[in-house]
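Visitor: Supplied structure: run02.tsv, TSV, C-alpha atoms and all ligand atoms.
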```tsv
chain	number	residue	atom	x	y	z
U	1	MET	CA	-85.39	-63.42	-57.90
U	2	ARG	CA	-82.35	-61.24	-58.37
U	3	LYS	CA	-78.97	-62.49	-59.47
U	4	ALA	CA	-75.81	-60.71	-60.52
U	5	ILE	CA	-72.68	-61.18	-62.56
U	6	ALA	CA	-70.00	-59.26	-60.69
U	7	GLY	CA	-66.44	-58.06	-61.31
U	8	GLY	CA	-66.43	-58.31	-65.09
U	9	THR	CA	-65.08	-56.27	-67.98
U	10	ILE	CA	-68.45	-55.49	-69.49
U	11	ILE	CA	-68.71	-54.81	-73.22
U	12	THR	CA	-72.32	-53.79	-73.80
U	13	PRO	CA	-71.02	-53.46	-76.75
U	14	LEU	CA	-71.52	-49.70	-77.17
U	15	ASP	CA	-69.98	-48.99	-73.74
U	16	ILE	CA	-67.19	-50.64	-71.77
U	17	TYR	CA	-67.17	-50.85	-67.94
U	18	GLU	CA	-64.21	-52.22	-65.98
U	19	ASP	CA	-64.80	-54.14	-62.75
U	20	ALA	CA	-68.55	-53.86	-63.19
U	21	ASP	CA	-71.71	-55.89	-62.72
U	22	VAL	CA	-74.87	-56.97	-64.50
U	23	LEU	CA	-77.94	-57.17	-62.29
U	24	ILE	CA	-80.66	-59.57	-63.45
U	25	GLU	CA	-84.23	-60.04	-62.26
U	26	ASP	CA	-86.51	-62.80	-63.58
U	27	GLY	CA	-84.43	-63.24	-66.72
U	28	THR	CA	-84.23	-59.54	-67.58
U	29	ILE	CA	-81.29	-57.16	-67.16
U	30	ILE	CA	-82.22	-54.38	-64.71
U	31	ALA	CA	-78.87	-52.60	-64.24
U	32	VAL	CA	-75.38	-52.57	-65.76
U	33	GLY	CA	-72.28	-50.80	-64.42
U	34	PRO	CA	-69.83	-50.52	-61.53
U	35	GLY	CA	-71.33	-51.31	-58.13
U	36	VAL	CA	-74.87	-52.14	-59.29
U	37	ALA	CA	-74.74	-55.59	-57.63
U	38	SER	CA	-75.79	-54.41	-54.20
U	39	GLY	CA	-78.78	-55.01	-51.95
U	40	GLU	CA	-80.57	-58.33	-51.66
U	41	ILE	CA	-79.29	-60.67	-54.36
U	42	ALA	CA	-79.94	-64.42	-54.29
U	43	GLU	CA	-76.93	-65.41	-56.38
U	44	ILE	CA	-73.74	-63.54	-57.24
U	45	VAL	CA	-71.37	-64.96	-59.85
U	46	ASP	CA	-67.95	-63.30	-59.52
U	47	VAL	CA	-66.26	-63.57	-62.91
U	48	GLY	CA	-62.89	-62.25	-61.76
U	49	GLY	CA	-62.27	-59.75	-64.53
U	50	ALA	CA	-63.49	-61.94	-67.40
U	51	ILE	CA	-65.20	-60.31	-70.39
U	52	VAL	CA	-69.00	-60.11	-70.12
U	53	ALA	CA	-70.77	-59.51	-73.45
U	54	PRO	CA	-74.22	-59.97	-74.98
U	55	GLY	CA	-74.86	-63.50	-76.24
U	56	TYR	CA	-74.00	-63.94	-79.89
U	57	ILE	CA	-76.78	-64.01	-82.51
U	58	ASP	CA	-76.41	-66.01	-85.73
U	59	VAL	CA	-79.01	-65.03	-88.36
U	60	HIS	CA	-77.73	-67.43	-91.03
U	61	VAL	CA	-77.00	-70.98	-89.95
U	62	HIS	CA	-78.17	-74.27	-91.47
U	63	GLY	CA	-76.98	-76.78	-88.95
U	64	SER	CA	-74.27	-78.21	-86.73
U	65	ALA	CA	-73.31	-81.28	-84.73
U	66	GLY	CA	-74.93	-83.60	-87.29
U	67	HIS	CA	-78.25	-81.73	-87.36
U	68	ASP	CA	-79.80	-79.70	-90.17
U	69	THR	CA	-82.71	-77.23	-90.17
U	70	MET	CA	-84.08	-79.20	-93.14
U	71	ASP	CA	-84.46	-82.30	-90.96
U	72	GLY	CA	-87.72	-80.55	-90.08
U	73	THR	CA	-87.74	-81.80	-86.48
U	74	ARG	CA	-87.60	-80.29	-83.01
U	75	GLU	CA	-84.76	-82.73	-82.24
U	76	ALA	CA	-82.63	-81.13	-84.98
U	77	ILE	CA	-83.25	-77.58	-83.75
U	78	GLU	CA	-82.48	-78.67	-80.16
U	79	GLY	CA	-79.26	-80.39	-81.21
U	80	MET	CA	-78.15	-77.24	-83.00
U	81	ALA	CA	-79.22	-75.05	-80.06
U	82	ARG	CA	-77.07	-76.97	-77.56
U	83	PHE	CA	-74.02	-76.91	-79.83
U	84	PHE	CA	-74.39	-73.16	-80.39
U	85	ALA	CA	-74.64	-72.47	-76.63
U	86	ALA	CA	-71.14	-73.92	-76.28
U	87	HIS	CA	-69.97	-71.29	-78.77
U	88	GLY	CA	-71.53	-68.31	-77.03
U	89	VAL	CA	-74.63	-68.14	-79.21
U	90	THR	CA	-77.86	-67.35	-77.34
U	91	SER	CA	-80.20	-66.94	-80.29
U	92	PHE	CA	-80.21	-67.94	-83.94
U	93	CYS	CA	-82.29	-68.15	-87.09
U	94	PRO	CA	-82.37	-71.74	-88.36
U	95	THR	CA	-81.84	-71.44	-92.10
U	96	THR	CA	-83.59	-73.50	-94.76
U	97	LEU	CA	-82.27	-74.56	-98.14
U	98	THR	CA	-83.73	-74.45	-101.64
U	99	GLN	CA	-86.04	-77.47	-101.46
U	100	PRO	CA	-89.71	-78.28	-102.27
U	101	ALA	CA	-92.07	-75.88	-100.46
U	102	ALA	CA	-93.62	-78.69	-98.39
U	103	ASP	CA	-90.20	-79.65	-96.99
U	104	ILE	CA	-89.37	-76.02	-96.20
U	105	MET	CA	-92.75	-75.69	-94.47
U	106	ALA	CA	-91.98	-78.72	-92.25
U	107	SER	CA	-88.86	-76.90	-91.02
U	108	VAL	CA	-90.80	-73.64	-90.50
U	109	ARG	CA	-93.23	-75.64	-88.32
U	110	ALA	CA	-90.45	-77.30	-86.33
U	111	VAL	CA	-88.91	-73.89	-85.57
U	112	TYR	CA	-92.33	-72.53	-84.62
U	113	GLU	CA	-92.81	-75.39	-82.17
U	114	CYS	CA	-89.42	-74.59	-80.57
U	115	MET	CA	-90.44	-70.93	-80.24
U	116	GLU	CA	-93.78	-71.85	-78.60
U	117	ASN	CA	-92.16	-74.38	-76.23
U	118	PRO	CA	-88.66	-73.04	-75.60
U	119	ILE	CA	-85.64	-75.31	-75.75
U	120	GLU	CA	-84.00	-76.06	-72.41
U	121	GLY	CA	-80.26	-75.76	-72.09
U	122	GLY	CA	-79.56	-74.14	-75.42
U	123	ALA	CA	-79.72	-71.10	-77.67
U	124	GLN	CA	-83.21	-69.99	-78.71
U	125	PRO	CA	-84.51	-69.78	-82.28
U	126	LEU	CA	-85.80	-66.28	-83.09
U	127	GLY	CA	-87.48	-67.34	-86.34
U	128	VAL	CA	-86.57	-68.81	-89.70
U	129	HIS	CA	-84.18	-67.58	-92.37
U	130	LEU	CA	-85.54	-68.82	-95.71
U	131	GLU	CA	-82.56	-69.12	-98.07
U	132	GLY	CA	-84.25	-69.64	-101.42
U	133	PRO	CA	-86.03	-71.11	-103.25
U	134	CYS	CA	-86.56	-67.80	-105.17
U	135	ILE	CA	-82.94	-67.31	-106.25
U	136	ASP	CA	-80.90	-67.14	-109.46
U	137	ALA	CA	-79.73	-70.54	-110.75
U	138	LYS	CA	-76.59	-68.87	-112.13
U	139	LYS	CA	-75.51	-68.14	-108.55
U	140	LYS	CA	-76.82	-71.32	-106.98
U	141	GLY	CA	-73.68	-72.33	-105.10
U	142	ALA	CA	-74.75	-75.36	-103.09
U	143	GLN	CA	-78.49	-74.67	-103.46
U	144	PRO	CA	-79.97	-77.60	-105.46
U	145	GLU	CA	-80.87	-76.21	-108.89
U	146	GLN	CA	-83.87	-78.47	-109.52
U	147	HIS	CA	-85.77	-76.79	-106.67
U	148	ILE	CA	-85.04	-73.17	-107.63
U	149	THR	CA	-88.25	-71.35	-108.57
U	150	THR	CA	-89.81	-67.89	-108.55
U	151	ALA	CA	-92.19	-66.36	-106.05
U	152	ALA	CA	-94.81	-66.11	-108.81
U	153	ALA	CA	-94.77	-69.90	-109.18
U	154	ILE	CA	-95.26	-70.86	-105.52
U	155	ASP	CA	-97.66	-70.14	-102.66
U	156	TYR	CA	-95.13	-68.12	-100.69
U	157	ARG	CA	-97.81	-66.71	-98.37
U	158	GLN	CA	-98.11	-70.14	-96.77
U	159	LEU	CA	-94.46	-70.04	-95.68
U	160	PHE	CA	-95.26	-66.86	-93.72
U	161	SER	CA	-98.52	-68.23	-92.25
U	162	LEU	CA	-97.03	-68.98	-88.79
U	163	GLY	CA	-95.60	-65.46	-88.51
U	164	ASN	CA	-92.07	-66.71	-87.77
U	165	ILE	CA	-90.06	-65.80	-90.88
U	166	LYS	CA	-87.32	-63.38	-89.85
U	167	LEU	CA	-85.35	-63.24	-93.11
U	168	ILE	CA	-85.81	-64.33	-96.71
U	169	THR	CA	-82.91	-64.55	-99.13
U	170	LEU	CA	-83.96	-64.03	-102.75
U	171	ALA	CA	-82.77	-62.73	-106.11
U	172	PRO	CA	-84.61	-59.37	-106.33
U	173	GLU	CA	-83.77	-58.77	-110.00
U	174	ILE	CA	-85.94	-61.66	-111.19
U	175	GLU	CA	-89.33	-60.29	-112.28
U	176	GLY	CA	-91.33	-63.10	-110.67
U	177	ASN	CA	-89.76	-62.38	-107.27
U	178	LYS	CA	-90.52	-58.67	-107.07
U	179	ALA	CA	-93.93	-58.88	-105.37
U	180	LEU	CA	-92.36	-60.97	-102.61
U	181	ILE	CA	-90.08	-58.10	-101.51
U	182	ALA	CA	-92.85	-55.82	-100.27
U	183	PHE	CA	-94.91	-58.77	-98.99
U	184	ALA	CA	-92.04	-60.12	-96.87
U	185	ARG	CA	-91.38	-56.65	-95.42
U	186	SER	CA	-95.07	-56.33	-94.57
U	187	GLN	CA	-94.71	-59.58	-92.60
U	188	GLY	CA	-91.80	-58.16	-90.60
U	189	ALA	CA	-89.08	-60.16	-92.35
U	190	ALA	CA	-85.73	-58.77	-93.42
U	191	VAL	CA	-85.48	-59.01	-97.22
U	192	VAL	CA	-82.09	-60.32	-98.17
U	193	VAL	CA	-80.31	-60.21	-101.53
U	194	GLY	CA	-78.39	-63.40	-102.13
U	195	HIS	CA	-77.63	-66.04	-104.75
U	196	SER	CA	-78.30	-63.15	-107.11
U	197	SER	CA	-77.03	-61.49	-110.28
U	198	ALA	CA	-78.60	-58.13	-109.38
U	199	THR	CA	-76.96	-55.07	-110.88
U	200	TYR	CA	-76.29	-52.01	-108.76
U	201	GLU	CA	-79.42	-50.44	-110.28
U	202	ASP	CA	-81.53	-53.55	-109.58
U	203	LEU	CA	-80.45	-53.33	-105.98
U	204	GLU	CA	-81.27	-49.62	-105.70
U	205	GLU	CA	-84.78	-50.43	-106.94
U	206	ALA	CA	-85.15	-53.38	-104.53
U	207	VAL	CA	-84.09	-51.18	-101.60
U	208	ARG	CA	-86.88	-48.77	-102.52
U	209	HIS	CA	-89.31	-51.71	-102.13
U	210	GLY	CA	-87.88	-52.72	-98.75
U	211	LEU	CA	-84.80	-54.88	-99.34
U	212	ASN	CA	-82.45	-54.24	-96.40
U	213	HIS	CA	-80.03	-57.13	-95.95
U	214	ALA	CA	-77.50	-59.23	-97.90
U	215	THR	CA	-76.59	-62.92	-97.63
U	216	HIS	CA	-72.88	-63.79	-97.30
U	217	THR	CA	-71.50	-60.70	-99.04
U	218	PHE	CA	-69.30	-61.51	-102.07
U	219	ASN	CA	-70.21	-65.22	-102.08
U	220	GLN	CA	-72.69	-66.19	-104.83
U	221	MET	CA	-73.49	-62.64	-105.93
U	222	GLU	CA	-72.49	-60.55	-108.96
U	223	GLY	CA	-68.99	-59.28	-108.26
U	224	LEU	CA	-67.41	-55.85	-108.25
U	225	HIS	CA	-66.23	-54.36	-111.55
U	226	HIS	CA	-65.18	-50.75	-112.03
U	227	ARG	CA	-67.79	-50.15	-114.74
U	228	LYS	CA	-70.37	-52.60	-113.27
U	229	PRO	CA	-70.52	-52.28	-109.49
U	230	GLY	CA	-72.81	-55.33	-109.44
U	231	THR	CA	-74.54	-56.84	-106.44
U	232	VAL	CA	-71.38	-56.52	-104.35
U	233	GLY	CA	-71.03	-52.81	-105.11
U	234	GLY	CA	-74.63	-52.18	-104.10
U	235	VAL	CA	-74.36	-54.22	-100.91
U	236	LEU	CA	-71.19	-52.37	-99.87
U	237	LEU	CA	-72.40	-48.87	-100.74
U	238	LEU	CA	-76.15	-48.72	-100.07
U	239	ASP	CA	-76.51	-47.69	-96.41
U	240	GLU	CA	-79.90	-49.38	-96.00
U	241	ILE	CA	-78.32	-52.81	-96.42
U	242	PHE	CA	-77.03	-54.92	-93.52
U	243	ALA	CA	-74.24	-57.07	-94.97
U	244	GLU	CA	-73.68	-60.61	-93.72
U	245	PHE	CA	-70.15	-61.95	-94.06
U	246	ILE	CA	-68.46	-65.28	-93.33
U	247	ALA	CA	-65.21	-64.62	-91.46
U	248	ASP	CA	-63.76	-68.13	-91.69
U	249	GLY	CA	-60.75	-67.12	-93.79
U	250	ILE	CA	-61.99	-69.51	-96.53
U	251	HIS	CA	-65.11	-67.86	-98.02
U	252	LEU	CA	-63.38	-64.47	-98.01
U	253	HIS	CA	-59.71	-63.51	-97.93
U	254	PRO	CA	-58.98	-61.85	-94.58
U	255	ALA	CA	-58.38	-58.55	-96.43
U	256	ILE	CA	-61.87	-58.76	-97.93
U	257	VAL	CA	-63.34	-59.33	-94.48
U	258	ASP	CA	-61.55	-56.13	-93.46
U	259	MET	CA	-62.92	-54.38	-96.54
U	260	VAL	CA	-66.52	-55.35	-95.71
U	261	VAL	CA	-66.04	-54.20	-92.12
U	262	ARG	CA	-64.46	-50.88	-93.16
U	263	LEU	CA	-67.11	-50.08	-95.76
U	264	LYS	CA	-70.21	-51.18	-93.85
U	265	GLY	CA	-68.99	-50.33	-90.35
U	266	PRO	CA	-69.98	-52.17	-87.17
U	267	GLU	CA	-73.55	-50.82	-87.48
U	268	ARG	CA	-74.18	-52.62	-90.78
U	269	ALA	CA	-71.75	-55.58	-90.96
U	270	VAL	CA	-73.33	-58.81	-89.67
U	271	ALA	CA	-71.12	-61.74	-88.69
U	272	ILE	CA	-72.72	-65.07	-89.60
U	273	THR	CA	-71.49	-68.65	-89.81
U	274	ASP	CA	-73.61	-70.22	-92.61
U	275	ALA	CA	-72.59	-73.42	-90.80
U	276	ILE	CA	-73.93	-76.79	-91.94
U	277	SER	CA	-74.49	-80.12	-90.17
U	278	GLY	CA	-70.79	-81.05	-90.34
U	279	ALA	CA	-69.82	-78.07	-88.14
U	280	GLY	CA	-68.47	-79.39	-84.86
U	281	MET	CA	-68.01	-82.86	-86.36
U	282	PRO	CA	-64.85	-84.68	-87.49
U	283	ASP	CA	-63.65	-84.27	-91.09
U	284	GLY	CA	-65.63	-86.57	-93.37
U	285	ASP	CA	-68.65	-86.99	-95.63
U	286	TYR	CA	-71.95	-85.30	-94.78
U	287	GLU	CA	-75.13	-84.29	-96.60
U	288	LEU	CA	-76.72	-80.98	-97.50
U	289	GLY	CA	-80.15	-80.95	-99.13
U	290	GLY	CA	-79.68	-84.39	-100.65
U	291	GLN	CA	-76.20	-83.59	-101.93
U	292	ALA	CA	-72.98	-85.22	-100.75
U	293	ILE	CA	-70.59	-82.76	-99.10
U	294	VAL	CA	-67.11	-83.14	-97.69
U	295	VAL	CA	-65.81	-81.41	-94.56
U	296	LYS	CA	-62.02	-81.13	-94.65
U	297	GLU	CA	-59.69	-78.83	-92.72
U	298	GLY	CA	-62.42	-76.36	-91.86
U	299	ALA	CA	-63.88	-76.11	-95.38
U	300	VAL	CA	-67.15	-77.63	-96.62
U	301	ARG	CA	-67.42	-78.42	-100.32
U	302	LEU	CA	-69.52	-80.22	-102.93
U	303	PRO	CA	-67.60	-82.93	-104.83
U	304	ASP	CA	-66.89	-80.36	-107.61
U	305	GLY	CA	-65.16	-78.06	-105.11
U	306	THR	CA	-67.98	-75.50	-104.71
U	307	LEU	CA	-68.11	-74.16	-101.16
U	308	ALA	CA	-71.25	-75.50	-99.44
U	309	GLY	CA	-71.70	-73.51	-96.24
U	310	SER	CA	-69.09	-73.54	-93.52
U	311	ALA	CA	-67.85	-75.33	-90.43
U	312	LEU	CA	-67.41	-72.00	-88.67
U	313	THR	CA	-68.66	-71.20	-85.17
U	314	LEU	CA	-69.63	-67.65	-84.20
U	315	ASP	CA	-67.11	-67.41	-81.34
U	316	GLN	CA	-64.37	-68.28	-83.85
U	317	ALA	CA	-65.79	-65.68	-86.26
U	318	VAL	CA	-65.42	-63.00	-83.58
U	319	ARG	CA	-61.82	-64.07	-82.91
U	320	ASN	CA	-61.12	-63.98	-86.66
U	321	ILE	CA	-62.66	-60.50	-87.06
U	322	VAL	CA	-60.31	-59.20	-84.37
U	323	GLU	CA	-57.39	-60.80	-86.23
U	324	PHE	CA	-58.41	-59.92	-89.81
U	325	THR	CA	-59.79	-56.39	-89.49
U	326	VAL	CA	-59.28	-52.90	-88.13
U	327	ALA	CA	-62.23	-53.38	-85.76
U	328	PRO	CA	-61.43	-53.21	-82.04
U	329	LEU	CA	-62.97	-55.93	-79.85
U	330	PRO	CA	-66.18	-54.05	-78.91
U	331	GLU	CA	-66.95	-53.53	-82.62
U	332	ALA	CA	-66.21	-57.18	-83.42
U	333	ILE	CA	-68.66	-58.16	-80.68
U	334	GLN	CA	-71.19	-55.62	-81.96
U	335	MET	CA	-71.15	-57.33	-85.38
U	336	ALA	CA	-72.15	-60.63	-83.73
U	337	THR	CA	-74.73	-59.18	-81.31
U	338	LEU	CA	-76.40	-55.78	-81.60
U	339	THR	CA	-76.08	-55.45	-85.37
U	340	PRO	CA	-77.67	-58.81	-86.20
U	341	ALA	CA	-80.40	-58.03	-83.62
U	342	ARG	CA	-81.12	-54.71	-85.31
U	343	SER	CA	-81.02	-56.28	-88.76
U	344	ILE	CA	-83.97	-58.54	-87.92
U	345	GLY	CA	-85.84	-56.08	-85.71
U	346	VAL	CA	-85.30	-57.69	-82.29
U	347	ALA	CA	-82.99	-55.10	-80.73
U	348	ASP	CA	-85.73	-54.04	-78.30
U	349	CYS	CA	-84.99	-57.20	-76.29
U	350	LYS	CA	-81.76	-58.71	-77.69
U	351	GLY	CA	-78.24	-57.79	-78.73
U	352	SER	CA	-76.87	-55.62	-75.93
U	353	LEU	CA	-76.46	-55.51	-72.18
U	354	GLU	CA	-78.95	-52.80	-71.27
U	355	PRO	CA	-81.71	-52.53	-68.68
U	356	GLY	CA	-84.95	-54.00	-70.01
U	357	LYS	CA	-83.31	-56.50	-72.35
U	358	ASP	CA	-83.21	-60.29	-71.98
U	359	ALA	CA	-80.30	-61.54	-69.87
U	360	ASP	CA	-78.66	-63.36	-72.79
U	361	ILE	CA	-74.99	-63.20	-71.87
U	362	VAL	CA	-71.65	-64.74	-72.80
U	363	ILE	CA	-68.62	-64.72	-70.49
U	364	LEU	CA	-65.27	-64.91	-72.30
U	365	ASP	CA	-61.63	-65.26	-71.32
U	366	ASP	CA	-58.98	-62.87	-72.66
U	367	ASP	CA	-58.54	-65.04	-75.77
U	368	LEU	CA	-62.31	-64.80	-76.41
U	369	ASN	CA	-62.94	-68.44	-75.56
U	370	VAL	CA	-66.41	-69.07	-74.15
U	371	LEU	CA	-66.44	-69.74	-70.39
U	372	LYS	CA	-70.16	-69.53	-69.80
U	373	THR	CA	-73.34	-68.83	-71.77
U	374	MET	CA	-76.62	-67.64	-70.24
U	375	VAL	CA	-80.05	-67.42	-71.84
U	376	GLY	CA	-82.69	-65.43	-69.98
U	377	GLY	CA	-80.41	-65.37	-66.94
U	378	GLU	CA	-80.06	-69.19	-66.83
U	379	VAL	CA	-76.73	-70.91	-67.50
U	380	VAL	CA	-77.00	-73.03	-70.67
U	381	TYR	CA	-73.30	-73.79	-71.06
U	382	GLU	CA	-70.28	-73.84	-68.80
U	383	ALA	CA	-66.77	-74.73	-69.97
U	401	ZN	ZN	-76.64	-70.44	-96.28
```
I'd like the structure from this file rewritten - as structure tokens, please.
Ligand SMILES: [Zn+2]
Guide:
Amino acid sequence: MRKAIAGGTIITPLDIYEDADVLIEDGTIIAVGPGVASGEIAEIVDVGGAIVAPGYIDVHVHGSAGHDTMDGTREAIEGMARFFAAHGVTSFCPTTLTQPAADIMASVRAVYECMENPIEGGAQPLGVHLEGPCIDAKKKGAQPEQHITTAAAIDYRQLFSLGNIKLITLAPEIEGNKALIAFARSQGAAVVVGHSSATYEDLEEAVRHGLNHATHTFNQMEGLHHRKPGTVGGVLLLDEIFAEFIADGIHLHPAIVDMVVRLKGPERAVAITDAISGAGMPDGDYELGGQAIVVKEGAVRLPDGTLAGSALTLDQAVRNIVEFTVAPLPEAIQMATLTPARSIGVADCKGSLEPGKDADIVILDDDLNVLKTMVGGEVVYEA
């Protein structure tokens, strides 16, 4: 069955078409451009000039709406998926925390189950982002220190046994973690530096072994110094690395968001939320990996004040990028769609409005508020 979105300002995001259409057949985009919605079409949605963009993709997100990836249940992933749909997200990588391997594995299984039997009425999980446990305790942030370990000390192969790990955040400078870099790449996962004290030179070496991504750039990594470029210097300067950043105006000063965007460019800067279960909930007390956390005025903190993930949504991140940075709107959208898709190797079917790709689409008003979200051509959210 054919359906069409007609009369939109289409941001693919690499091209822009005014007063144009997206033609969809059986959940796949078959044509994009002015006048393509012709012939026999079962359903035409006229969007009256609204912005039509690829659905947003969040590759680093722990939870939302009271649910956490570490709950290890389908119900948690579904609850997150429905909340994300309301914020324009069509696919995401549920992100685990530094916890005992058995608990992480329960979450990997729950995500696998949601991939085998897709969630109705929500965003779709693309695979897991393992954040830890092979990180540096000195940069633990809100990752519980008692569960930090090295790859050499755990059976990390088991975590990859279902074939659904899309990213793994680790500290590549730690000797016991080095074998995991090449192994994770061989399993098709992005290898992500994060919660790390890696020097610039450590990072150059890790890139040679396959490291290609960075977790929340600047946060919980060795900072920039003019004689020691540190993890941050490597992330910003090594072209192989896709750099995640949290554009909530709390984790990074707006000028630093602009700096990341200018240095990495829209092809390598990846907008993420790093949201936790309290996202989309009233201010108050929540929990993250057995630790008490407080959500207050958009910030999430441990009792000692350490930032513990965010309450950001990806639609708000895109609005903030437009406000904080030099990037024009199509580039801001690119950083939340095509670039994350490329960073985890799914750009053959996700991340842009092109023939042959999944009809994962967000329709936005001029202020970039979400009007409608579609996954595989089906409406999963309507304002
Ligand atoms: Zn995180």
Visitor: Between U:Gly289, U:Gly176, U:Gly79, U:Gly55, which one has atoms that come closest to Val375 (chain U), using all atoms listed in the file?
Guide: U:Gly55
Visitor: Padding of 3 Å on every side, edges along x, y and z, all listed atoms of region 74-89 of chain U included: what centre and edge lengths in Å, to one decimal, does that box have, as AutoDock Vina command-line options?
Guide:
```
--center_x -78.8 --center_y -75.4 --center_z -80.6 --size_x 23.6 --size_y 20.6 --size_z 14.7
```
Visitor: All residues within 10 Å of ligand ZN 401 (chain U) are required, counting all atoms listed in the file; please report them as a PyMOL selection string.
Guide: chain U and resi 59-63+94-98+129-132+141-143+169+194-195+215-216+272-276+308-310
Visitor: May I ask for the distance between CA of Met1 (chain U) and CA of Thr90 (chain U), given in Å to one decimal place?
Guide: 21.2 Å
Visitor: Identify which of the residues U:Ala243, U:Val362, U:Leu238, U:Ala279 lies closest to Asp202 (chain U), counting only C-alpha atoms when measuring atom-to-atom distances.
Guide: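 Of U:Ala243, U:Val362, U:Leu238, U:Ala279, the one nearest Asp202 (chain U) is U:Leu238, counting only C-alpha atoms.
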Visitor: Just the number, please: distance in Å from CA of Ala317 (chain U) to CA of Val232 (chain U), one decimal.
Guide: 21.0 Å
Visitor: Mind checking which residues fall within 7 Å of Ala53 (chain U), counting only C-alpha atoms, ignoring those fewer than 4 positions away in the same chain, and posting them as a ChimeraX atom specification?
Guide: /U:10-13,361-363
Visitor: Grab the CA of Glu222 (chain U) to CA of Lys138 (chain U) distance for me, in Å with one decimal place.
Guide: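 If I compute the distance from CA of Glu222 (chain U) to CA of Lys138 (chain U), I get 9.8 Å.
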Visitor: Counting only C-alpha atoms, I want the residues whose atoms come within 9 Å of (-82.8, -80.3, -96.7) in the file frame, returned as JSON, numbers by chain.
Guide: {"U": [68, 69, 70, 71, 72, 96, 97, 98, 99, 103, 104, 107, 287, 288, 289, 290]}
Visitor: Give one line per residue of region 115-180 of chain U that approaches region 209-212 of chain U to at most 12 Å, naming the two atoms of the closest pair and their distance in Å to one decimal, counting all atoms listed in the file; sort by chain then ascending residue number and deliver it as a tab-separated table.
Guide:
```
residue	atom	partner	partner_atom	distance
U:Leu167	CA	U:Asn212	CA	10.0
U:Ile168	CA	U:Leu211	CA	9.9
U:Thr169	CA	U:Leu211	CA	9.9
U:Leu170	CA	U:Leu211	CA	9.8
U:Ala171	CA	U:Leu211	CA	10.6
U:Pro172	CA	U:Leu211	CA	8.3
U:Glu173	CA	U:Leu211	CA	11.4
U:Asn177	CA	U:His209	CA	11.9
U:Lys178	CA	U:His209	CA	8.6
U:Ala179	CA	U:His209	CA	9.1
U:Leu180	CA	U:His209	CA	9.8
```
Visitor: Near Ala383 (chain U), within 12 Å and counting only C-alpha atoms, which residues show up once chain neighbours fewer than 6 positions away are dropped, as a PDB file with C-alpha atoms, in the coordinates of the input?
Guide:
```pdb
ATOM      1  CA  ALA U  85     -74.640 -72.470 -76.630  1.00  0.00           C
ATOM      2  CA  ALA U  86     -71.140 -73.920 -76.280  1.00  0.00           C
ATOM      3  CA  HIS U  87     -69.970 -71.290 -78.770  1.00  0.00           C
ATOM      4  CA  GLY U  88     -71.530 -68.310 -77.030  1.00  0.00           C
ATOM      5  CA  VAL U 362     -71.650 -64.740 -72.800  1.00  0.00           C
ATOM      6  CA  ILE U 363     -68.620 -64.720 -70.490  1.00  0.00           C
ATOM      7  CA  LEU U 364     -65.270 -64.910 -72.300  1.00  0.00           C
ATOM      8  CA  ASP U 365     -61.630 -65.260 -71.320  1.00  0.00           C
ATOM      9  CA  ASN U 369     -62.940 -68.440 -75.560  1.00  0.00           C
ATOM     10  CA  VAL U 370     -66.410 -69.070 -74.150  1.00  0.00           C
ATOM     11  CA  LEU U 371     -66.440 -69.740 -70.390  1.00  0.00           C
ATOM     12  CA  LYS U 372     -70.160 -69.530 -69.800  1.00  0.00           C
ATOM     13  CA  THR U 373     -73.340 -68.830 -71.770  1.00  0.00           C
TER      14      THR U 373
END
```
